[in-house]
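A.B. asks: I'd like to ask some things about the structure below.
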Amino acid sequence: MLTFIFLLIAQHTLAGEIIVQEGESIHHALRQAREWRRTNDPRCEGGITITLQKGRYYMNEPLFLRPEDSGNKESPLVIRGSGTLKSFICGDPRQRHTQLWPLKEQVDSLPLSKYDNGLPNKGMERIIDFNTTDRTITIPTPPQNVLQTKNLEMVVHQRWAIAILRVKEMKVEGNKTIVSFMEPESRLEFEHPWPQPVIGGEKGNSSFLLRTTEQRDGIEQLVIVDGANYVRFEGITFDKTCWNRPLHKGHVTLQSGFSLVDAYKLKENPGLPWDEDLENQAWIERPVSAVTVRNAHHVDFYSVLFQNLAATALDFVDNVSDCVVQKCTFGNIGGTAIMGGSFAESPREVHRPYTDLAERCQRLTIDQNFIVDAATEDWGAVAIALGYVRHCTISKNYVNRVSYSGICVGWGWTPHNTGMENNRIVDNKVIHYARQLYDAGGIYTLSNQPGSIISGNTISAPHPAPYATNDRGFRIYLDARTDGFTITGNTTEGRPIRRDEIGDNHPGPNLIFKQ
């Protein structure tokens, strides 16, 4: 039985507490709280708290918070641990990968962190050829035992993203082997032009590795908040989730971990009215997240630990506002640690300059969080990623060890006014980023965002990624049509960041740089 207790939380105000012991159901506790709301029980006065005692609470289905679970400003719903982050809401351990070839060691000068499986400890090998007509990749011939292995995956380095391709066939031609792949990833990999592996680039060809993956589906989602307002999570650990998509469809991405669901190059008369140079079309899918928030406001996370999660950790998907993530820790996250706002997912085509999306994610506060070892499964993911957003603040966060960019704000690759505005990236520390992929920035921006600020951040030089095919790694990267930012007071290695250390890609005319 669940235990009900009255808590005195303010003078003359009683709040109801539901205590859940290890082995009991969080779902039942949430249902009890919902019934108190429905019947206007006096225990709702001052708020309802669901307290999880020390232990592990395995979720064979997500905890689903509905509109009927909403609190209000005077009477929030709080789901909390009993202290010292020993209350675990958990799923299945992540799928394990076994790299079969190459087996040479990857040199990495960074010491191991608390989460010591942040990157593979084996190196990669260079691709010989990438054939878009035959849809094949030519590689040096692997050892015989690798050629005979079933359920092989090829992980391909593609500048600012990776592809995970399920191997269909390998044809040996002496010291070269031609590899073909399963569908749908074969079509997506070879028809879409950005990104693709580099052949004959500045620093040589793109690289790959061959591996097997533990063939099983597991729990991917722990909590879904859909329409519930005034909810607070505090002192809980979210631990262990899987990422099942690559097992069934491979994983070919556009950027930041967003899988392509359809994509192709415009071969005849490229260009569209809003971008005469546009040569590609793409429809994308949002990565799965362990904790999902949508259609909600005032959903807060305070002093929560997210760890060992195979895809996105925490995602504010759509129609969200006035949410806070503060003093949380993220460790060993396979994808992006904190994501928010629309990225023009399918059914929309991703390259259009949408004007209705930014207002659907506004006034997020991401403050004083500790993020270490993000993008450990999908190297193209990041630590913090906000898409079409407005009036959001990313402040005083610590980002350490990420495979691509650190803090990313904006989407759309457009100079047009889309409603993105007044976003603040201030007083953060970003180090050891771009550990695998370049075309990256410690802080990375896209598109026109009037009234926005990048100020007071401390950013290291990009990590010397061992397989990068170019040198496009920057402390701050103002990518595709970035505009509207004031950039001031940012430092690196104890000195101000110079203007010539900031990467540009067709920047707009309204950028302000102050030394």
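Simple scheme: letters A, B, ... for chains in structure tokens order, numbers from 1 for residues in each chain, numbers from 1 for ligands in the order shown.
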Could you give me, as a PyMOL selection string, the residues within 7 Å of Arg94 in chain A, counting only C-alpha atoms and dropping anything in the same chain fewer than 5 positions from it?
C.D. replies: chain A and resi 240-242+310
A.B. asks: DSSP says strand (DSSP E or B) for which residues of range 150-317 of chain A? Put them as a PyMOL selection string?
C.D. replies: chain A and resi 152-158+161-173+176-181+207-213+223-226+231-234+237-241+251-253+259-265+272+275+280-285+289-294+296-297+299-302+305-309+312-316
A.B. asks: Once DSSP has gone over the backbone, tell me which residues of range 109-350 of chain A are in helix (DSSP H, G or I), as a list in words.
C.D. replies: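 Helix (DSSP H, G or I) assignments inside range 109-350 of chain A correspond to Gln144, Asn145, Val146, Leu147, Glu185, Ser186, Arg187, Leu188, Glu189, Phe190, Glu191, Arg245, Pro246, Leu247, His248 and Lys249 of chain A.
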A.B. asks: Keeping only N, CA and C atoms, write those residues as an mmCIF file, in the first residue's frame.
C.D. replies:
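Listed below is the output, result36.cif:
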data_model
loop_
_atom_site.group_PDB
_atom_site.id
_atom_site.type_symbol
_atom_site.label_atom_id
_atom_site.label_comp_id
_atom_site.auth_asym_id
_atom_site.auth_seq_id
_atom_site.Cartn_x
_atom_site.Cartn_y
_atom_site.Cartn_z
ATOM 1 N N GLN A 144 39.475 -12.026 -42.362
ATOM 2 C CA GLN A 144 38.485 -13.038 -42.756
ATOM 3 C C GLN A 144 37.382 -13.192 -41.714
ATOM 4 N N ASN A 145 37.740 -13.154 -40.442
ATOM 5 C CA ASN A 145 36.710 -13.330 -39.408
ATOM 6 C C ASN A 145 35.680 -12.213 -39.444
ATOM 7 N N VAL A 146 36.093 -11.021 -39.831
ATOM 8 C CA VAL A 146 35.148 -9.901 -39.948
ATOM 9 C C VAL A 146 34.255 -10.099 -41.158
ATOM 10 N N LEU A 147 34.826 -10.533 -42.269
ATOM 11 C CA LEU A 147 34.043 -10.778 -43.482
ATOM 12 C C LEU A 147 32.961 -11.830 -43.250
ATOM 13 N N GLU A 185 18.437 2.892 -45.139
ATOM 14 C CA GLU A 185 19.588 3.774 -44.965
ATOM 15 C C GLU A 185 20.449 3.885 -46.223
ATOM 16 N N SER A 186 20.436 2.829 -47.078
ATOM 17 C CA SER A 186 21.236 2.912 -48.294
ATOM 18 C C SER A 186 20.742 4.048 -49.190
ATOM 19 N N ARG A 187 19.442 4.117 -49.428
ATOM 20 C CA ARG A 187 18.890 5.186 -50.262
ATOM 21 C C ARG A 187 19.181 6.561 -49.666
ATOM 22 N N LEU A 188 18.954 6.711 -48.368
ATOM 23 C CA LEU A 188 19.143 8.009 -47.727
ATOM 24 C C LEU A 188 20.606 8.437 -47.721
ATOM 25 N N GLU A 189 21.483 7.491 -47.500
ATOM 26 C CA GLU A 189 22.903 7.806 -47.441
ATOM 27 C C GLU A 189 23.439 8.302 -48.779
ATOM 28 N N PHE A 190 22.978 7.707 -49.872
ATOM 29 C CA PHE A 190 23.593 8.005 -51.162
ATOM 30 C C PHE A 190 22.820 9.031 -51.986
ATOM 31 N N GLU A 191 21.567 9.333 -51.652
ATOM 32 C CA GLU A 191 20.804 10.313 -52.432
ATOM 33 C C GLU A 191 20.917 11.729 -51.872
ATOM 34 N N ARG A 245 16.350 2.504 -32.822
ATOM 35 C CA ARG A 245 16.209 2.817 -34.241
ATOM 36 C C ARG A 245 17.297 2.216 -35.131
ATOM 37 N N PRO A 246 18.583 2.327 -34.790
ATOM 38 C CA PRO A 246 19.607 1.795 -35.691
ATOM 39 C C PRO A 246 19.503 0.298 -35.937
ATOM 40 N N LEU A 247 18.907 -0.437 -35.015
ATOM 41 C CA LEU A 247 18.770 -1.878 -35.197
ATOM 42 C C LEU A 247 17.838 -2.213 -36.349
ATOM 43 N N HIS A 248 16.908 -1.317 -36.655
ATOM 44 C CA HIS A 248 15.860 -1.617 -37.625
ATOM 45 C C HIS A 248 15.940 -0.778 -38.892
ATOM 46 N N LYS A 249 16.495 0.431 -38.810
ATOM 47 C CA LYS A 249 16.484 1.346 -39.945
ATOM 48 C C LYS A 249 17.847 1.946 -40.239
#
A.B. asks: May I ask which of the residues A:Leu266, A:Ala161, A:Leu209, A:Ala29 is the closest one to Trp101 in chain A, counting only C-alpha atoms?
C.D. replies: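 The answer is A:Leu209, which sits nearest to Trp101 in chain A.
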A.B. asks: Please report the interatomic distance between CA of Ser405 in chain A and CA of Tyr467 in chain A in Å with one decimal.
C.D. replies: 15.5 Å
A.B. asks: Considering only C-alpha atoms, tabulate each residue of range 236-269 of chain A that lies at most 12 Å from range 324-330 of chain A along with its nearest interatomic pair and the corresponding distance in Å to one decimal; arrange the rows by chain and ascending residue number and present them as JSON lines.
C.D. replies:
{"residue": "A:Ile236", "atom": "CA", "partner": "A:Cys328", "partner_atom": "CA", "distance": 9.8}
{"residue": "A:Thr237", "atom": "CA", "partner": "A:Thr329", "partner_atom": "CA", "distance": 9.3}
{"residue": "A:Phe238", "atom": "CA", "partner": "A:Phe330", "partner_atom": "CA", "distance": 9.6}
{"residue": "A:Asp239", "atom": "CA", "partner": "A:Phe330", "partner_atom": "CA", "distance": 10.3}
A.B. asks: List the spatial neighbours of Tyr433 in chain A as a PyMOL selection string - criterion: any atom at most 12 Å away, only C-alpha atoms, same-chain residues fewer than 6 positions off excluded.
C.D. replies: chain A and resi 110+371-376+379-383+398-407+439-444+459-465+473-476
A.B. asks: For a test of reading the model, state the distance in Å between CA of Trp283 in chain A and CA of Gly387 in chain A, rounded to one decimal.
C.D. replies: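 Separation of CA of Trp283 in chain A and CA of Gly387 in chain A: 15.3 Å.
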A.B. asks: For Leu254 in chain A, work out the shell of residues within 9 Å, counting only C-alpha atoms and skipping chain neighbours fewer than 5 positions away, then give it as a PyMOL selection string.
C.D. replies: chain A and resi 160-161+192+194-195+259-260+282-284
A.B. asks: Can you tell me, as number ranges by chain, what residues are no more than 8 Å from Asp69 in chain A when counting only C-alpha atoms, ignoring any on the same chain fewer than 3 positions away?
C.D. replies: A: 30, 33-34, 37, 65-66, 77, 228-229
A.B. asks: So which one's closest to Leu437 in chain A, A:Arg481, A:Asn422, A:Ala296, A:Pro197? Using only C-alpha atoms, please.
C.D. replies: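 Using only C-alpha atoms, Leu437 in chain A sits closest to A:Pro197.
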A.B. asks: Please identify all polymer residues within 9 Å of range 347-364 of chain A, counting only C-alpha atoms, omitting same-chain residues fewer than 4 positions from it, and present them as a PyMOL selection string.
C.D. replies: chain A and resi 274-275+278+280-284+316-325+340-343+387-394+411-421+423
A.B. asks: My list of candidates is A:Glu234, A:Glu61, A:Asp504, A:Asp378. Which is closest to Asp483 in chain A when distances are computed with only C-alpha atoms?
C.D. replies: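 Closest to Asp483 in chain A, using only C-alpha atoms: A:Asp504.
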